[in-house]
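First comes the structure, then the notes that go with it.
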Amino acid sequence: MIKRTLYFGNPAYLKTVNEQLVIEMHDGGETKTAPIEDIGLLILDHQQITITQALIAKLLANNTALITCDHTHHPTGMLLNLDGNSLQSMKYQAQVEASLPLKKQLWQQTVSIKIQNQASLLAIQREENKYLLNLVSAVKSGDPDNCVKSGDVDHQSGDADHPLEVSRLGQFL
């Protein structure tokens with residue numbers, strides 16, 4: 001059976017009663033209903049839409065995708081049922097079962113790329129980025145010597161006078 005896509009671009013109150021989506025429109029006071037089992041996708045594209053937790057739970061239990069949009073009408077988030085999506089469940093299971101060395105290597109790659117991205121942003125802003133580029137090569141698997149975790153950024157390189165002031169770094173993060 002083909003599921004319905006419902007788009008909401010006006011203020012509304014969305015709730016559930018008797019396995020039905022109940023739509024109360026703010027502007028006309030009009031109330032409509034739709035069977036939850038017939039809905040495949042729900043798009044929320046207005047800042048004054050209210051939706052109950054009970055409805056969200058029932059939609060997800062029926063494998064309905066829920067997309068929310070920002071004030072510029074661009075999608076910003078998506079809710080999916082984790083039980084109904086076997087591919088996603090397999091991905092989560094693989095992440096949980098990953099070996100410790102693999103997790104540490106992935107952590108190293110993630111941190112290195114994040115630091116590289118910050119260095120690129122500084123370069124775009126025509127700011128000094130050599131300190132961050134040097135940090136990329138210093139990131140170790142699992143990074144047991146990570147001084148940033150403890151907040152000791154100044155002493156990570158052993159030089160408190162590195163070219164990028166820590167107070168200025170915050171404006172780019």
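Ordering of the structure tokens sets the chain letters (A, B, ...), residue numbers begin anew at 1 in every chain, and ligands are numbered from 1 in the order given.
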Tell me which protein, DNA and RNA residues are within 6 Å of Met25 (chain A), counting only C-alpha atoms, leaving out same-chain ones fewer than 4 positions away, and put them as a compact mmCIF listing (two decimals) with C-alpha atoms, in the first residue's frame.
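Result file selection-v3.txt:
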```
# COMPACT_ATOMS: atom_id res chain seq x y z
CA ALA A 12 -1.43 23.73 13.59
CA GLY A 29 -10.45 26.47 13.78
CA GLU A 30 -10.94 23.55 11.40
```
For region 72-83 of chain A, work out the shell of residues within 12 Å, counting only C-alpha atoms and skipping chain neighbours fewer than 2 positions away, then give it as number ranges by chain. A: 7-10, 40-47, 56-70, 85-93
Preceding selection exported with C-alpha atoms as a PDB file, in the first residue's frame:
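Here's the written file again.pdb:
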```
ATOM      1  CA  TYR A   7       2.940  18.596   4.579  1.00  0.00           C
ATOM      2  CA  PHE A   8       2.150  21.251   7.192  1.00  0.00           C
ATOM      3  CA  GLY A   9       3.134  24.806   6.254  1.00  0.00           C
ATOM      4  CA  ASN A  10       0.702  26.692   8.520  1.00  0.00           C
ATOM      5  CA  GLY A  40       4.505   7.446   5.435  1.00  0.00           C
ATOM      6  CA  LEU A  41       6.031  10.913   5.784  1.00  0.00           C
ATOM      7  CA  LEU A  42       5.093  13.953   7.868  1.00  0.00           C
ATOM      8  CA  ILE A  43       6.763  17.286   7.037  1.00  0.00           C
ATOM      9  CA  LEU A  44       6.576  20.106   9.598  1.00  0.00           C
ATOM     10  CA  ASP A  45       7.403  23.400   7.881  1.00  0.00           C
ATOM     11  CA  HIS A  46       6.175  26.131  10.229  1.00  0.00           C
ATOM     12  CA  GLN A  47       7.547  27.455  13.503  1.00  0.00           C
ATOM     13  CA  ILE A  56       5.366  11.207  17.606  1.00  0.00           C
ATOM     14  CA  ALA A  57       5.580   7.796  19.299  1.00  0.00           C
ATOM     15  CA  LYS A  58       2.644   6.409  17.301  1.00  0.00           C
ATOM     16  CA  LEU A  59       4.006   7.762  14.027  1.00  0.00           C
ATOM     17  CA  LEU A  60       7.399   6.188  14.651  1.00  0.00           C
ATOM     18  CA  ALA A  61       5.809   2.895  15.723  1.00  0.00           C
ATOM     19  CA  ASN A  62       4.098   2.865  12.298  1.00  0.00           C
ATOM     20  CA  ASN A  63       7.415   3.551  10.484  1.00  0.00           C
ATOM     21  CA  THR A  64       6.460   7.104   9.576  1.00  0.00           C
ATOM     22  CA  ALA A  65       9.368   9.455   8.879  1.00  0.00           C
ATOM     23  CA  LEU A  66       9.052  12.879  10.508  1.00  0.00           C
ATOM     24  CA  ILE A  67      10.919  15.828   8.967  1.00  0.00           C
ATOM     25  CA  THR A  68      11.162  19.240  10.607  1.00  0.00           C
ATOM     26  CA  CYS A  69      12.151  22.443   8.795  1.00  0.00           C
ATOM     27  CA  ASP A  70      13.641  25.727   9.966  1.00  0.00           C
ATOM     28  CA  ASN A  85      14.875   0.319   9.965  1.00  0.00           C
ATOM     29  CA  SER A  86      16.943  -2.862   9.904  1.00  0.00           C
ATOM     30  CA  LEU A  87      19.822  -1.282   7.967  1.00  0.00           C
ATOM     31  CA  GLN A  88      20.186   1.466  10.572  1.00  0.00           C
ATOM     32  CA  SER A  89      19.935  -1.111  13.365  1.00  0.00           C
ATOM     33  CA  MET A  90      22.741  -3.124  11.754  1.00  0.00           C
ATOM     34  CA  LYS A  91      24.907   0.003  11.534  1.00  0.00           C
ATOM     35  CA  TYR A  92      24.334   0.782  15.219  1.00  0.00           C
ATOM     36  CA  GLN A  93      25.110  -2.830  16.144  1.00  0.00           C
TER      37      GLN A  93
END
```
Could you name the residues that touch Gln109 (chain A) at 12 Å or less, counting only C-alpha atoms, but leaving out those on the same chain fewer than 6 positions away, as a ChimeraX atom specification? /A:102-103,115-116,136-143
Restricted to C-alpha atoms, what would the selected residues look like written as an mmCIF file, in the first residue's frame?
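Listed below is the output, part-v9.cif:
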```
data_model
loop_
_atom_site.group_PDB
_atom_site.id
_atom_site.type_symbol
_atom_site.label_atom_id
_atom_site.label_comp_id
_atom_site.auth_asym_id
_atom_site.auth_seq_id
_atom_site.Cartn_x
_atom_site.Cartn_y
_atom_site.Cartn_z
ATOM 1 C CA LEU A 102 39.143 0.470 15.503
ATOM 2 C CA LYS A 103 37.252 2.886 17.752
ATOM 3 C CA ILE A 115 41.290 20.226 13.413
ATOM 4 C CA GLN A 116 42.039 20.398 9.673
ATOM 5 C CA VAL A 136 46.878 17.343 13.209
ATOM 6 C CA SER A 137 50.058 15.268 13.042
ATOM 7 C CA ALA A 138 50.228 15.120 16.840
ATOM 8 C CA VAL A 139 46.835 13.410 17.246
ATOM 9 C CA LYS A 140 47.411 9.786 18.219
ATOM 10 C CA SER A 141 45.121 6.785 18.094
ATOM 11 C CA GLY A 142 42.870 7.178 21.122
ATOM 12 C CA ASP A 143 44.996 10.260 21.910
#
```
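In this structure, CA of Ile51 (chain A) sits 24.0 Å away from CA of Ile2 (chain A).
Take CA of Asp27 (chain A) and CA of Ile49 (chain A): the distance between them is 11.9 Å.
The interatomic distance for the pair CA of Asp38 (chain A) and CA of Arg4 (chain A) works out to 5.9 Å.
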Residues flagged strand (DSSP E) by DSSP in region 37-98 of chain A, as an mmCIF file with C-alpha atoms, in the first residue's frame:
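Saved as part.cif:
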```
data_model
loop_
_atom_site.group_PDB
_atom_site.id
_atom_site.type_symbol
_atom_site.label_atom_id
_atom_site.label_comp_id
_atom_site.auth_asym_id
_atom_site.auth_seq_id
_atom_site.Cartn_x
_atom_site.Cartn_y
_atom_site.Cartn_z
ATOM 1 C CA ILE A 39 0.989 8.082 6.739
ATOM 2 C CA GLY A 40 4.505 7.446 5.435
ATOM 3 C CA LEU A 41 6.031 10.913 5.784
ATOM 4 C CA LEU A 42 5.093 13.953 7.868
ATOM 5 C CA ILE A 43 6.763 17.286 7.037
ATOM 6 C CA LEU A 44 6.576 20.106 9.598
ATOM 7 C CA ILE A 49 3.290 23.785 14.763
ATOM 8 C CA THR A 50 2.761 21.929 18.017
ATOM 9 C CA ILE A 51 2.968 18.127 18.054
ATOM 10 C CA ALA A 65 9.368 9.455 8.879
ATOM 11 C CA LEU A 66 9.052 12.879 10.508
ATOM 12 C CA ILE A 67 10.919 15.828 8.967
ATOM 13 C CA THR A 68 11.162 19.240 10.607
ATOM 14 C CA CYS A 69 12.151 22.443 8.795
ATOM 15 C CA PRO A 75 14.893 20.485 6.419
ATOM 16 C CA THR A 76 16.839 20.480 9.689
ATOM 17 C CA GLY A 77 16.024 17.128 11.217
ATOM 18 C CA MET A 78 14.500 13.744 10.610
ATOM 19 C CA LEU A 79 13.070 11.200 13.023
#
```
So which residues of chain A fall under alpha helix (DSSP H) by DSSP, listed as an NGL selection string? :A and (53-61 or 86-97 or 100-124 or 130-138 or 166-169)
